[in-house]
$ cat protein_19.tsv   # TSV, C-alpha atoms and all ligand atoms
chain	number	residue	atom	x	y	z
O	29	MET	CA	-17.94	12.38	19.42
O	30	SER	CA	-15.04	13.70	17.31
O	31	ARG	CA	-13.86	11.58	14.42
O	32	ILE	CA	-10.47	9.88	14.57
O	33	VAL	CA	-8.97	9.21	11.17
O	34	GLY	CA	-5.60	7.61	10.49
O	35	HIS	CA	-3.27	7.38	7.53
O	36	LEU	CA	-0.65	4.65	7.32
O	37	ASP	CA	2.24	4.74	4.84
O	38	LEU	CA	4.94	2.08	4.66
O	39	ASP	CA	8.48	3.48	4.76
O	40	TYR	CA	10.66	3.36	1.61
O	41	PHE	CA	8.38	0.54	0.63
O	42	TYR	CA	9.90	-1.36	-2.33
O	43	ALA	CA	13.42	-0.89	-0.99
O	44	GLN	CA	12.37	-1.97	2.50
O	45	VAL	CA	10.86	-5.18	1.12
O	46	GLU	CA	14.20	-5.85	-0.58
O	47	GLU	CA	15.94	-5.29	2.77
O	48	VAL	CA	13.59	-7.70	4.51
O	49	GLU	CA	14.31	-10.33	1.88
O	50	ALA	CA	18.07	-9.78	2.02
O	51	PRO	CA	18.90	-8.56	5.55
O	52	SER	CA	22.61	-8.39	4.69
O	53	LEU	CA	21.77	-5.31	2.57
O	54	LYS	CA	20.47	-3.38	5.58
O	55	ASP	CA	23.38	-0.93	5.75
O	56	THR	CA	23.93	-0.78	1.98
O	57	PRO	CA	22.37	1.87	-0.26
O	58	ILE	CA	19.56	0.10	-2.15
O	59	VAL	CA	18.19	1.50	-5.38
O	60	VAL	CA	15.08	-0.20	-6.79
O	61	CYS	CA	15.15	0.27	-10.55
O	62	VAL	CA	12.67	0.17	-13.40
O	63	PHE	CA	15.10	-0.94	-16.10
O	64	SER	CA	13.77	-0.06	-19.53
O	65	GLY	CA	16.11	-2.64	-21.04
O	66	ARG	CA	17.81	-0.61	-23.75
O	67	THR	CA	21.11	-0.37	-21.95
O	68	GLU	CA	22.24	-1.41	-18.49
O	69	GLU	CA	21.72	2.14	-17.31
O	70	SER	CA	18.49	3.16	-19.00
O	71	GLY	CA	15.40	3.52	-16.87
O	72	VAL	CA	14.35	5.31	-13.70
O	73	VAL	CA	14.69	4.86	-9.97
O	74	SER	CA	11.46	3.58	-8.41
O	75	THR	CA	12.59	4.22	-4.84
O	76	SER	CA	15.60	3.85	-2.56
O	77	ASN	CA	16.31	3.15	1.08
O	78	TYR	CA	17.32	5.95	3.46
O	79	LYS	CA	21.00	5.04	3.17
O	80	ALA	CA	20.82	5.73	-0.58
O	81	ARG	CA	18.80	8.91	0.01
O	82	GLU	CA	21.82	10.29	1.87
O	83	TYR	CA	23.49	10.39	-1.54
O	84	GLY	CA	20.59	12.30	-3.07
O	85	ILE	CA	18.93	9.30	-4.72
O	86	LYS	CA	15.23	9.98	-5.39
O	87	SER	CA	12.19	8.31	-6.99
O	88	GLY	CA	11.90	9.11	-10.68
O	89	MET	CA	15.58	9.96	-11.17
O	90	PRO	CA	17.43	8.38	-14.12
O	91	ILE	CA	19.32	5.23	-13.11
O	92	ALA	CA	22.42	6.61	-14.83
O	93	LEU	CA	22.39	9.64	-12.52
O	94	ALA	CA	21.92	7.43	-9.44
O	95	LYS	CA	24.90	5.33	-10.56
O	96	ARG	CA	27.04	8.46	-10.88
O	97	ARG	CA	26.04	9.67	-7.42
O	98	LEU	CA	26.90	6.27	-5.96
O	99	ASP	CA	30.10	5.90	-7.95
O	100	GLY	CA	32.70	3.99	-5.95
O	101	ILE	CA	30.19	3.08	-3.25
O	102	ASP	CA	29.06	-0.46	-2.57
O	103	ALA	CA	25.38	-0.13	-3.52
O	104	ALA	CA	22.68	-2.58	-4.64
O	105	PHE	CA	20.72	-1.82	-7.83
O	106	ILE	CA	17.73	-4.17	-7.78
O	107	PRO	CA	15.06	-4.56	-10.49
O	108	VAL	CA	11.44	-3.90	-9.40
O	109	ASP	CA	9.30	-6.96	-8.68
O	110	HIS	CA	5.68	-5.83	-8.38
O	111	GLY	CA	4.34	-9.31	-7.59
O	112	LYS	CA	6.53	-9.40	-4.52
O	113	TYR	CA	5.50	-5.93	-3.26
O	114	GLU	CA	1.81	-6.76	-3.87
O	115	THR	CA	2.20	-9.82	-1.66
O	116	TYR	CA	3.51	-7.77	1.25
O	117	SER	CA	1.04	-4.98	0.59
O	118	SER	CA	-2.03	-7.23	0.60
O	119	ARG	CA	-0.98	-8.89	3.86
O	120	VAL	CA	-0.49	-5.52	5.57
O	121	MET	CA	-3.83	-4.26	4.20
O	122	GLU	CA	-5.64	-7.38	5.43
O	123	THR	CA	-4.15	-6.92	8.89
O	124	LEU	CA	-5.23	-3.29	8.90
O	125	ARG	CA	-8.69	-4.18	7.59
O	126	SER	CA	-9.20	-6.62	10.46
O	127	GLN	CA	-8.39	-3.95	13.06
O	128	VAL	CA	-10.24	-0.79	12.02
O	129	ASP	CA	-13.84	0.41	11.54
O	130	THR	CA	-13.24	1.28	7.87
O	131	ILE	CA	-10.24	1.20	5.58
O	132	GLU	CA	-9.68	3.07	2.32
O	133	GLN	CA	-6.62	1.83	0.47
O	134	ALA	CA	-5.05	4.79	-1.31
O	135	GLY	CA	-2.04	3.16	-2.95
O	136	ILE	CA	0.13	0.06	-2.82
O	137	ASP	CA	1.73	1.17	0.46
O	138	GLU	CA	-0.82	3.45	2.06
O	139	ALA	CA	-4.34	3.58	3.43
O	140	PHE	CA	-6.70	5.81	5.35
O	141	PHE	CA	-8.63	4.27	8.21
O	142	ASP	CA	-11.39	5.34	10.57
O	143	ILE	CA	-11.16	4.23	14.23
O	144	THR	CA	-13.77	6.51	15.76
O	145	LYS	CA	-16.01	3.67	16.96
O	146	ARG	CA	-13.18	1.41	17.98
O	147	THR	CA	-11.61	4.08	20.19
O	148	ARG	CA	-14.88	5.85	21.13
O	149	GLY	CA	-13.26	9.03	19.84
O	150	ASP	CA	-10.53	8.90	22.49
O	151	TYR	CA	-7.08	10.02	21.30
O	152	ASP	CA	-5.21	8.16	24.05
O	153	ALA	CA	-6.86	4.92	22.97
O	154	ALA	CA	-6.10	5.81	19.34
O	155	THR	CA	-2.42	6.39	20.14
O	156	THR	CA	-2.15	3.01	21.86
O	157	PHE	CA	-3.96	1.42	18.91
O	158	ALA	CA	-1.51	2.95	16.41
O	159	LEU	CA	1.54	1.85	18.41
O	160	GLU	CA	0.19	-1.69	18.66
O	161	LEU	CA	-0.57	-1.69	14.93
O	162	LYS	CA	3.00	-0.65	14.13
O	163	THR	CA	4.37	-3.35	16.42
O	164	ARG	CA	2.13	-5.97	14.85
O	165	ILE	CA	3.07	-5.08	11.28
O	166	PHE	CA	6.73	-5.15	12.27
O	167	ARG	CA	6.35	-8.50	13.99
O	168	GLU	CA	4.49	-10.06	11.07
O	169	GLU	CA	6.33	-8.51	8.13
O	170	LYS	CA	9.50	-6.89	9.54
O	171	LEU	CA	8.31	-3.66	7.90
O	172	THR	CA	8.22	-0.23	9.49
O	173	CYS	CA	5.54	2.30	8.63
O	174	SER	CA	4.61	5.82	9.59
O	175	ILE	CA	1.16	6.69	10.91
O	176	GLY	CA	-0.67	9.96	11.28
O	177	LEU	CA	-3.81	10.40	13.40
O	178	GLY	CA	-6.11	13.37	13.23
O	179	PRO	CA	-9.72	14.59	13.07
O	180	ASN	CA	-9.94	14.20	9.27
O	181	LYS	CA	-8.21	12.75	6.21
O	182	VAL	CA	-6.30	15.91	5.31
O	183	VAL	CA	-4.67	16.13	8.74
O	184	ALA	CA	-4.04	12.36	8.99
O	185	LYS	CA	-2.27	12.28	5.62
O	186	ILE	CA	-0.01	15.22	6.44
O	187	ALA	CA	0.69	13.77	9.88
O	188	SER	CA	1.84	10.39	8.51
O	189	ASP	CA	4.44	12.24	6.44
O	190	PHE	CA	5.49	14.49	9.34
O	191	LYS	CA	7.88	12.09	11.01
O	192	LYS	CA	9.45	9.37	8.89
O	193	PRO	CA	10.60	6.60	8.97
O	194	ASP	CA	8.90	4.63	11.76
O	195	GLY	CA	6.98	7.68	12.95
O	196	LEU	CA	3.73	8.28	14.77
O	197	THR	CA	2.26	11.78	14.74
O	198	VAL	CA	-0.92	12.43	16.66
O	199	VAL	CA	-2.76	15.66	15.96
O	200	ARG	CA	-5.70	16.17	18.27
O	201	ASP	CA	-8.79	18.01	17.13
O	202	GLU	CA	-8.02	21.10	19.22
O	203	THR	CA	-4.45	21.44	17.91
O	204	ALA	CA	-5.16	20.59	14.26
O	205	PHE	CA	-5.61	24.16	13.05
O	206	GLY	CA	-2.34	25.26	14.63
O	207	PHE	CA	-0.58	22.19	13.21
O	208	LEU	CA	-1.68	22.97	9.67
O	209	SER	CA	-1.27	26.77	9.65
O	210	PRO	CA	2.49	27.15	9.09
O	211	LEU	CA	2.73	24.34	6.53
O	212	SER	CA	3.03	24.83	2.80
O	213	ILE	CA	-0.21	24.58	0.79
O	214	GLU	CA	1.39	21.80	-1.26
O	215	LYS	CA	1.10	19.50	1.73
O	216	ILE	CA	-2.67	19.34	1.22
O	217	TYR	CA	-3.78	16.09	-0.38
O	218	GLY	CA	-5.04	17.01	-3.86
O	219	VAL	CA	-3.13	20.28	-4.23
O	220	GLY	CA	-0.90	19.66	-7.22
O	221	PRO	CA	1.78	21.95	-8.66
O	222	LYS	CA	-0.79	23.78	-10.84
O	223	THR	CA	-3.14	24.67	-7.99
O	224	ALA	CA	-0.15	25.56	-5.81
O	225	ARG	CA	1.25	27.96	-8.42
O	226	LEU	CA	-2.09	29.74	-8.77
O	227	LEU	CA	-2.39	30.14	-5.00
O	228	GLU	CA	1.18	31.34	-4.62
O	229	ALA	CA	0.67	33.88	-7.40
O	230	GLY	CA	-2.13	35.25	-5.21
O	231	GLY	CA	0.24	35.48	-2.24
O	232	ILE	CA	-1.17	32.39	-0.53
O	233	LYS	CA	1.74	30.20	0.52
O	234	THR	CA	0.77	28.61	3.81
O	235	ILE	CA	-2.26	26.60	4.83
O	236	GLY	CA	-2.97	29.31	7.42
O	237	ALA	CA	-3.13	31.98	4.69
O	238	LEU	CA	-5.40	29.70	2.67
O	239	ALA	CA	-7.69	29.25	5.68
O	240	SER	CA	-8.34	32.97	5.94
O	241	THR	CA	-8.88	33.50	2.22
O	242	PRO	CA	-12.55	34.27	1.46
O	243	THR	CA	-14.21	31.34	-0.35
O	244	GLU	CA	-15.53	33.68	-3.05
O	245	ARG	CA	-11.96	34.45	-4.04
O	246	LEU	CA	-11.10	30.73	-4.18
O	247	GLU	CA	-14.26	30.10	-6.20
O	248	ASP	CA	-13.20	32.63	-8.82
O	249	LEU	CA	-9.88	30.85	-9.15
O	250	PHE	CA	-10.90	27.20	-8.97
O	251	GLY	CA	-14.67	26.82	-9.20
O	252	LYS	CA	-17.03	25.83	-6.43
O	253	LYS	CA	-16.02	22.24	-5.75
O	254	LEU	CA	-12.28	22.74	-5.27
O	255	ALA	CA	-12.85	26.04	-3.45
O	256	VAL	CA	-15.05	24.36	-0.85
O	257	TYR	CA	-12.53	21.55	-0.41
O	258	LEU	CA	-9.60	23.97	0.01
O	259	HIS	CA	-11.53	26.03	2.51
O	260	LYS	CA	-12.48	23.02	4.61
O	261	ALA	CA	-9.08	21.35	4.29
O	262	SER	CA	-7.17	24.42	5.44
O	263	ASN	CA	-9.55	25.10	8.32
O	264	SER	CA	-9.27	21.48	9.47
O	265	THR	CA	-12.97	20.96	8.84
O	266	ASP	CA	-12.55	18.52	5.95
O	267	ASP	CA	-15.44	16.05	6.26
O	268	GLU	CA	-14.57	13.60	3.50
O	269	GLN	CA	-15.38	10.09	4.72
O	270	VAL	CA	-13.10	7.09	4.75
O	271	VAL	CA	-14.76	4.86	2.15
O	272	ASP	CA	-13.99	1.24	1.59
O	273	ARG	CA	-13.91	1.02	-2.18
O	274	GLY	CA	-15.29	-2.49	-2.30
O	275	GLY	CA	-12.40	-4.28	-0.72
O	276	SER	CA	-8.99	-4.85	-2.15
O	277	SER	CA	-8.57	-5.54	-5.83
O	278	GLN	CA	-6.98	-8.80	-4.83
O	279	LEU	CA	-7.20	-11.44	-2.16
O	280	SER	CA	-4.50	-13.70	-0.84
O	281	ARG	CA	-3.84	-16.42	1.69
O	282	ILE	CA	-0.47	-17.59	2.92
O	283	ILE	CA	0.31	-20.55	5.15
O	284	THR	CA	3.47	-21.78	6.85
O	285	LEU	CA	4.26	-25.39	6.02
O	286	LYS	CA	4.72	-27.82	8.92
O	287	GLN	CA	8.12	-28.57	7.47
O	288	ASP	CA	9.97	-27.10	4.52
O	289	SER	CA	8.92	-28.95	1.39
O	290	HIS	CA	9.53	-29.38	-2.30
O	291	ASP	CA	6.71	-31.90	-2.80
O	292	LEU	CA	3.88	-30.59	-4.97
O	293	ASP	CA	1.14	-32.80	-3.51
O	294	GLN	CA	2.23	-32.08	0.04
O	295	ILE	CA	2.22	-28.33	-0.60
O	296	ALA	CA	-1.13	-28.42	-2.42
O	297	GLY	CA	-2.63	-30.48	0.41
O	298	ALA	CA	-1.38	-28.09	3.08
O	299	LEU	CA	-2.69	-25.13	1.13
O	300	ALA	CA	-6.16	-26.62	0.46
O	301	PRO	CA	-7.96	-25.20	3.55
O	302	ALA	CA	-6.61	-21.71	2.83
O	303	LEU	CA	-7.62	-22.07	-0.80
O	304	LYS	CA	-11.15	-23.10	0.21
O	305	ASP	CA	-11.35	-20.17	2.59
O	306	LEU	CA	-10.26	-17.80	-0.17
O	307	HIS	CA	-12.84	-19.31	-2.51
O	308	GLU	CA	-15.60	-18.87	0.06
O	309	ARG	CA	-14.71	-15.22	0.38
O	310	LEU	CA	-14.93	-14.81	-3.40
O	311	VAL	CA	-18.34	-16.49	-3.51
O	312	SER	CA	-19.71	-14.52	-0.57
O	313	GLU	CA	-18.67	-11.25	-2.18
O	314	ASN	CA	-19.79	-12.26	-5.66
O	315	LEU	CA	-16.30	-11.83	-7.03
O	316	PHE	CA	-14.74	-13.55	-10.05
O	317	PHE	CA	-10.98	-13.49	-10.58
O	318	ARG	CA	-9.02	-13.33	-13.77
O	319	SER	CA	-5.43	-13.60	-12.48
O	320	VAL	CA	-4.04	-16.14	-10.10
O	321	SER	CA	-0.59	-16.39	-8.53
O	322	ALA	CA	1.33	-19.01	-6.63
O	323	ILE	CA	3.50	-17.53	-3.92
O	324	GLY	CA	6.47	-19.38	-2.50
O	325	ILE	CA	8.53	-18.18	0.42
O	326	LEU	CA	11.88	-19.90	0.58
O	327	LYS	CA	14.12	-20.86	3.49
O	328	ASP	CA	16.03	-17.58	3.22
O	329	LEU	CA	12.60	-15.84	3.48
O	330	SER	CA	12.80	-14.48	-0.06
O	331	THR	CA	9.55	-14.53	-2.05
O	332	ARG	CA	9.00	-15.96	-5.53
O	333	THR	CA	5.77	-15.68	-7.48
O	334	ARG	CA	4.35	-17.29	-10.62
O	335	SER	CA	1.22	-15.80	-12.16
O	336	LYS	CA	-1.29	-16.56	-14.89
O	337	THR	CA	-4.05	-14.52	-16.46
O	338	LEU	CA	-7.09	-16.51	-17.58
O	339	GLU	CA	-9.09	-16.00	-20.79
O	340	SER	CA	-12.10	-14.86	-18.79
O	341	PRO	CA	-12.97	-14.27	-15.11
O	342	THR	CA	-14.21	-17.22	-13.08
O	343	ASN	CA	-14.91	-18.29	-9.51
O	344	ASP	CA	-14.94	-22.00	-10.22
O	345	TYR	CA	-13.16	-23.90	-7.44
O	346	PRO	CA	-11.81	-26.78	-9.61
O	347	VAL	CA	-10.33	-24.20	-12.01
O	348	LEU	CA	-8.71	-22.35	-9.13
O	349	GLU	CA	-7.32	-25.59	-7.69
O	350	LYS	CA	-5.95	-26.75	-11.05
O	351	GLU	CA	-4.31	-23.40	-11.90
O	352	VAL	CA	-2.72	-23.11	-8.47
O	353	LYS	CA	-1.28	-26.61	-8.76
O	354	GLU	CA	0.15	-25.90	-12.21
O	355	LEU	CA	1.71	-22.65	-11.05
O	356	PHE	CA	3.31	-24.35	-8.06
O	357	SER	CA	4.58	-27.12	-10.30
O	358	ALA	CA	6.28	-24.48	-12.48
O	359	LEU	CA	7.56	-22.56	-9.45
O	360	LEU	CA	9.06	-25.69	-7.86
O	361	ARG	CA	11.07	-26.35	-11.00
O	362	GLU	CA	12.90	-23.08	-10.34
O	363	VAL	CA	13.37	-23.01	-6.60
O	364	GLY	CA	14.34	-25.21	-3.69
O	365	ASP	CA	12.26	-26.06	-0.63
O	366	LEU	CA	9.39	-23.79	0.36
O	367	ARG	CA	8.90	-22.62	3.92
O	368	ARG	CA	5.58	-20.88	3.29
O	369	ALA	CA	3.14	-21.16	0.43
O	370	GLY	CA	0.36	-18.89	-0.69
O	371	VAL	CA	-2.07	-18.01	-3.37
O	372	ARG	CA	-3.33	-14.70	-4.65
O	373	VAL	CA	-6.24	-13.92	-6.95
O	374	SER	CA	-6.44	-10.53	-8.60
O	375	GLU	CA	-8.22	-8.61	-11.36
O	376	LEU	CA	-11.39	-9.19	-9.38
O	377	HIS	CA	-14.71	-8.58	-11.08
O	378	ASP	CA	-17.85	-7.76	-9.15
O	379	MET	CA	-20.36	-10.13	-10.70
O	380	ALA	CA	-23.33	-8.74	-8.76
O	381	ASN	CA	-23.13	-5.58	-10.85
O	382	GLN	CA	-22.36	-7.35	-14.08
O	383	ARG	CA	-25.28	-9.69	-13.71
O	384	SER	CA	-27.73	-6.85	-13.39
O	385	LEU	CA	-26.16	-5.22	-16.41
O	386	ALA	CA	-26.56	-8.45	-18.41
O	387	GLU	CA	-30.21	-8.74	-17.31
O	388	PHE	CA	-30.80	-5.19	-18.33
O	389	THR	CA	-29.37	-5.59	-21.80
O	390	SER	CA	-31.05	-8.93	-22.58
K	1	LIG	P1	8.69	6.97	1.91
K	1	LIG	O1	7.23	6.73	2.03
K	1	LIG	O2	9.05	8.39	1.67
K	1	LIG	O3	9.50	6.39	3.04
K	1	LIG	O4	9.22	6.20	0.59
K	1	LIG	P2	8.43	5.28	-0.43
K	1	LIG	O5	9.44	4.65	-1.31
K	1	LIG	O6	7.53	4.33	0.30
K	1	LIG	O7	7.60	6.34	-1.27
K	1	LIG	P3	6.06	6.41	-1.62
K	1	LIG	O8	5.20	6.10	-0.44
K	1	LIG	O9	5.84	7.75	-2.25
K	1	LIG	O10	5.85	5.33	-2.74
K	1	LIG	C1	5.55	3.97	-2.51
K	1	LIG	C2	6.23	3.08	-3.56
K	1	LIG	O11	5.79	3.47	-4.87
K	1	LIG	C3	7.73	3.21	-3.60
K	1	LIG	O12	8.36	2.36	-2.66
K	1	LIG	C4	8.06	2.87	-5.02
K	1	LIG	C5	6.87	3.37	-5.80
K	1	LIG	N1	7.17	4.70	-6.37
K	1	LIG	C6	7.07	5.92	-5.77
K	1	LIG	N2	7.44	6.92	-6.58
K	1	LIG	C7	7.77	6.33	-7.76
K	1	LIG	C8	8.27	6.85	-9.02
K	1	LIG	O13	8.46	8.05	-9.21
K	1	LIG	N3	8.50	5.93	-10.01
K	1	LIG	C9	8.29	4.58	-9.82
K	1	LIG	N4	8.54	3.74	-10.83
K	1	LIG	N5	7.85	4.06	-8.66
K	1	LIG	C10	7.60	4.93	-7.64
K	2	CA	CA	5.77	5.03	1.54
K	3	CA	CA	2.89	6.06	-0.29

$ encode --input "protein_19.tsv" --output "C-alpha cells" --more "lines below"
Ligand code: DGT
Ligand code: CA
Ligand code: CA
Amino acid sequence: MSRIVGHLDLDYFYAQVEEVEAPSLKDTPIVVCVFSGRTEESGVVSTSNYKAREYGIKSGMPIALAKRRLDGIDAAFIPVDHGKYETYSSRVMETLRSQVDTIEQAGIDEAFFDITKRTRGDYDAATTFALELKTRIFREEKLTCSIGLGPNKVVAKIASDFKKPDGLTVVRDETAFGFLSPLSIEKIYGVGPKTARLLEAGGIKTIGALASTPTERLEDLFGKKLAVYLHKASNSTDDEQVVDRGGSSQLSRIITLKQDSHDLDQIAGALAPALKDLHERLVSENLFFRSVSAIGILKDLSTRTRSKTLESPTNDYPVLEKEVKELFSALLREVGDLRRAGVRVSELHDMANQRSLAEFTS
C-alpha cells in the first residue's frame, strides 16, 4: 500500500485571524506588525492579507516601507497578538489530530499528517478527506487553509504551497516525479539559500536535474546525510516518517456559554467540566504545565487572553482552578460579556522523563 502524506498550511495566518475577528476589514489591506516601539514606524511586517500583498507588502519588510507602499490607501496596521493566534492554531491542530493517523506539527500554522491507514492508501478517499477537513476548519474557525497530498513529506509540502489560498493539490504517486521535475530546487523542504547556491553553481537548478545527479557528486558537496536526502527528495522516494513529537506544546479547551455572561462564578462553573477534562489529559500524559491562560471570546467574536507563568511546573488541579479563576477575574475587569470561555496550559513538561532523570541522579 502506498503512503499518503498531507501537509496543511493556514492561509495568510495572522492576518486571516484578524479578518475573522473584524470581518469589516475583509476587503481592506491588513498588515500585521511587530512594532519594536522606538517610533510609530519602527519594526517589521509579520504578515499581510492578500489585498495588502497586491501592493507588494511582504513578511519581514520594514513597517515604514509598508506604510509608504500603502500611502493614501485605507489600510489596517495591527500589532501582533501571539496569544490569539496560538488559540486558533491549537484548535485547528486538535481538530486535525482527531482526524488523522499521525500528525506532526511543523509550525504555528502548519502540520504534516499521515492518512495511509485511514484512507487505505486510496487517493480518491484522501481527496474527499482533505475537502471535508477544509470545510470543517472553515465551519469551526472561519479560516481557509491550503492542503497538499502526496506519497511523501517533500511532495506534500510543495503541493500545499502550489495553489494558495484555499487550495487543494493532489499529487498521486505515479505523477509525483513529473510534478517535481520542473520545479526549482529551493522548493525542497530543507534546501536553504546556501545549499541552493552550491547546487546552482554546479548547474543544478531544477529538482529534475538534481534527481539525475550521481549521489557521489552530491556527497562530495554536502556529505553523506544531506546527499542521501537530496537524492531521495528529488526522486520522490523520500521516506521520512510523519512523527508526532509528543503532542502539542500546549493544550486548550473552549466552551460556549449557555448565555453571554460577565459573572465570574457562572463562567467558572460552566468551564469546570472542560477544565477537569484538560486536567485528566495532563495527568494521563504525565505532563506538568508552567503557563496558564484564560481565553475570553466576546460577543463580537474577538478573542482576549490573560496569561500567567508560574514559579515552577505543576499539574495540581486546585492550583489550576485557582489560577484560571484569577485570570478570568482580571480579564472580566477589562471586557464586557463573554460568549465563549476557554483555558490553555502551555510550557508543558514531560514529567515521565524528568522523574527518571531525578531517580538517576539521586
Ligand atoms: P501564506 O501561507 O503564504 O498564505 O501566508 P502566511 O502569513 O500564513 O505565511 P507563513 O505560513 O509563512 O507564516 C505563518 C505565520 O508566521 C504568518 O502569518 C506570520 C508569521 N510569520 C511568517 N513570516 C514572518 C516573518 O518574516 N516575521 C514575523 N515576525 N512573522 C512571520
Ligand atoms: Ca501559512
Ligand atoms: Ca506556514

$ closest_atom_pairs --input "protein_19.tsv" --of "chain O" --to "ligand CA 3 (chain K)" --cutoff "7 Å" --atoms "only C-alpha atoms and all ligand atoms" --output "Markdown table"
| residue | atom | partner | partner_atom | distance |
| --- | --- | --- | --- | --- |
| O:Asp37 | CA | K:CA3 | CA | 5.3 |
| O:Leu38 | CA | K:CA3 | CA | 6.7 |
| O:Gly135 | CA | K:CA3 | CA | 6.3 |
| O:Asp137 | CA | K:CA3 | CA | 5.1 |
| O:Glu138 | CA | K:CA3 | CA | 5.1 |

$ residues_around --input "protein_19.tsv" --residues "Asp288 of chain O" --least-positions-apart "4" --cutoff "8 Å" --atoms "only C-alpha atoms" --output "PyMOL selection string"
chain O and resi 327+365-368

$ atom_distance --input "protein_19.tsv" --atom1 "atom CA of Phe63 of chain O" --atom2 "atom C2 of ligand LIG 1 (chain K)"
15.9 Å

$ residues_around --input "protein_19.tsv" --residues "segment 188-200 of chain O" --least-positions-apart "5" --cutoff "8 Å" --atoms "only C-alpha atoms" --output "count of residues only"
18

$ residues_near_ligand --input "protein_19.tsv" --ligand "ligand LIG 1 (chain K)" --cutoff "6 Å" --atoms "only C-alpha atoms and all ligand atoms" --output "VMD selection string"
chain O and resid 38 to 42 74 to 75 87 to 88 137

$ atom_distance --input "protein_19.tsv" --atom1 "atom CA of Val182 of chain O" --atom2 "atom CA of Tyr217 of chain O"
6.2 Å

$ build_atoms --input "protein_19.tsv" --residues "segment 145-159 of chain O" --atoms "N, CA, C and O atoms" --output "mmCIF file, keeping the file's coordinate frame"
data_model
loop_
_atom_site.group_PDB
_atom_site.id
_atom_site.type_symbol
_atom_site.label_atom_id
_atom_site.label_comp_id
_atom_site.auth_asym_id
_atom_site.auth_seq_id
_atom_site.Cartn_x
_atom_site.Cartn_y
_atom_site.Cartn_z
ATOM 1 N N LYS O 145 -15.196 4.576 16.132
ATOM 2 C CA LYS O 145 -16.010 3.670 16.960
ATOM 3 C C LYS O 145 -15.117 2.853 17.866
ATOM 4 O O LYS O 145 -15.348 2.749 19.072
ATOM 5 N N ARG O 146 -14.095 2.289 17.271
ATOM 6 C CA ARG O 146 -13.180 1.410 17.980
ATOM 7 C C ARG O 146 -12.558 2.075 19.202
ATOM 8 O O ARG O 146 -12.318 1.432 20.228
ATOM 9 N N THR O 147 -12.288 3.368 19.096
ATOM 10 C CA THR O 147 -11.610 4.080 20.190
ATOM 11 C C THR O 147 -12.584 4.979 20.953
ATOM 12 O O THR O 147 -12.179 5.710 21.839
ATOM 13 N N ARG O 148 -13.844 4.963 20.581
ATOM 14 C CA ARG O 148 -14.880 5.850 21.130
ATOM 15 C C ARG O 148 -14.425 7.314 21.077
ATOM 16 O O ARG O 148 -14.667 8.101 22.000
ATOM 17 N N GLY O 149 -13.684 7.647 20.027
ATOM 18 C CA GLY O 149 -13.260 9.030 19.840
ATOM 19 C C GLY O 149 -12.201 9.502 20.835
ATOM 20 O O GLY O 149 -11.983 10.696 20.990
ATOM 21 N N ASP O 150 -11.521 8.538 21.480
ATOM 22 C CA ASP O 150 -10.530 8.900 22.490
ATOM 23 C C ASP O 150 -9.122 8.827 21.908
ATOM 24 O O ASP O 150 -8.670 7.769 21.462
ATOM 25 N N TYR O 151 -8.404 9.966 21.922
ATOM 26 C CA TYR O 151 -7.080 10.020 21.300
ATOM 27 C C TYR O 151 -6.026 9.196 22.028
ATOM 28 O O TYR O 151 -5.080 8.728 21.412
ATOM 29 N N ASP O 152 -6.185 9.012 23.348
ATOM 30 C CA ASP O 152 -5.210 8.160 24.050
ATOM 31 C C ASP O 152 -5.353 6.716 23.576
ATOM 32 O O ASP O 152 -4.366 6.036 23.298
ATOM 33 N N ALA O 153 -6.612 6.274 23.472
ATOM 34 C CA ALA O 153 -6.860 4.920 22.970
ATOM 35 C C ALA O 153 -6.350 4.786 21.537
ATOM 36 O O ALA O 153 -5.785 3.758 21.151
ATOM 37 N N ALA O 154 -6.527 5.840 20.746
ATOM 38 C CA ALA O 154 -6.100 5.810 19.340
ATOM 39 C C ALA O 154 -4.576 5.716 19.237
ATOM 40 O O ALA O 154 -4.036 5.020 18.374
ATOM 41 N N THR O 155 -3.889 6.413 20.151
ATOM 42 C CA THR O 155 -2.420 6.390 20.140
ATOM 43 C C THR O 155 -1.923 4.984 20.472
ATOM 44 O O THR O 155 -1.039 4.446 19.801
ATOM 45 N N THR O 156 -2.516 4.383 21.507
ATOM 46 C CA THR O 156 -2.150 3.010 21.860
ATOM 47 C C THR O 156 -2.429 2.068 20.698
ATOM 48 O O THR O 156 -1.604 1.221 20.351
ATOM 49 N N PHE O 157 -3.583 2.255 20.058
ATOM 50 C CA PHE O 157 -3.960 1.420 18.910
ATOM 51 C C PHE O 157 -2.890 1.522 17.817
ATOM 52 O O PHE O 157 -2.437 0.518 17.272
ATOM 53 N N ALA O 158 -2.474 2.745 17.512
ATOM 54 C CA ALA O 158 -1.510 2.950 16.410
ATOM 55 C C ALA O 158 -0.159 2.322 16.747
ATOM 56 O O ALA O 158 0.484 1.715 15.886
ATOM 57 N N LEU O 159 0.260 2.445 18.012
ATOM 58 C CA LEU O 159 1.540 1.850 18.410
ATOM 59 C C LEU O 159 1.474 0.329 18.302
ATOM 60 O O LEU O 159 2.404 -0.314 17.810
#
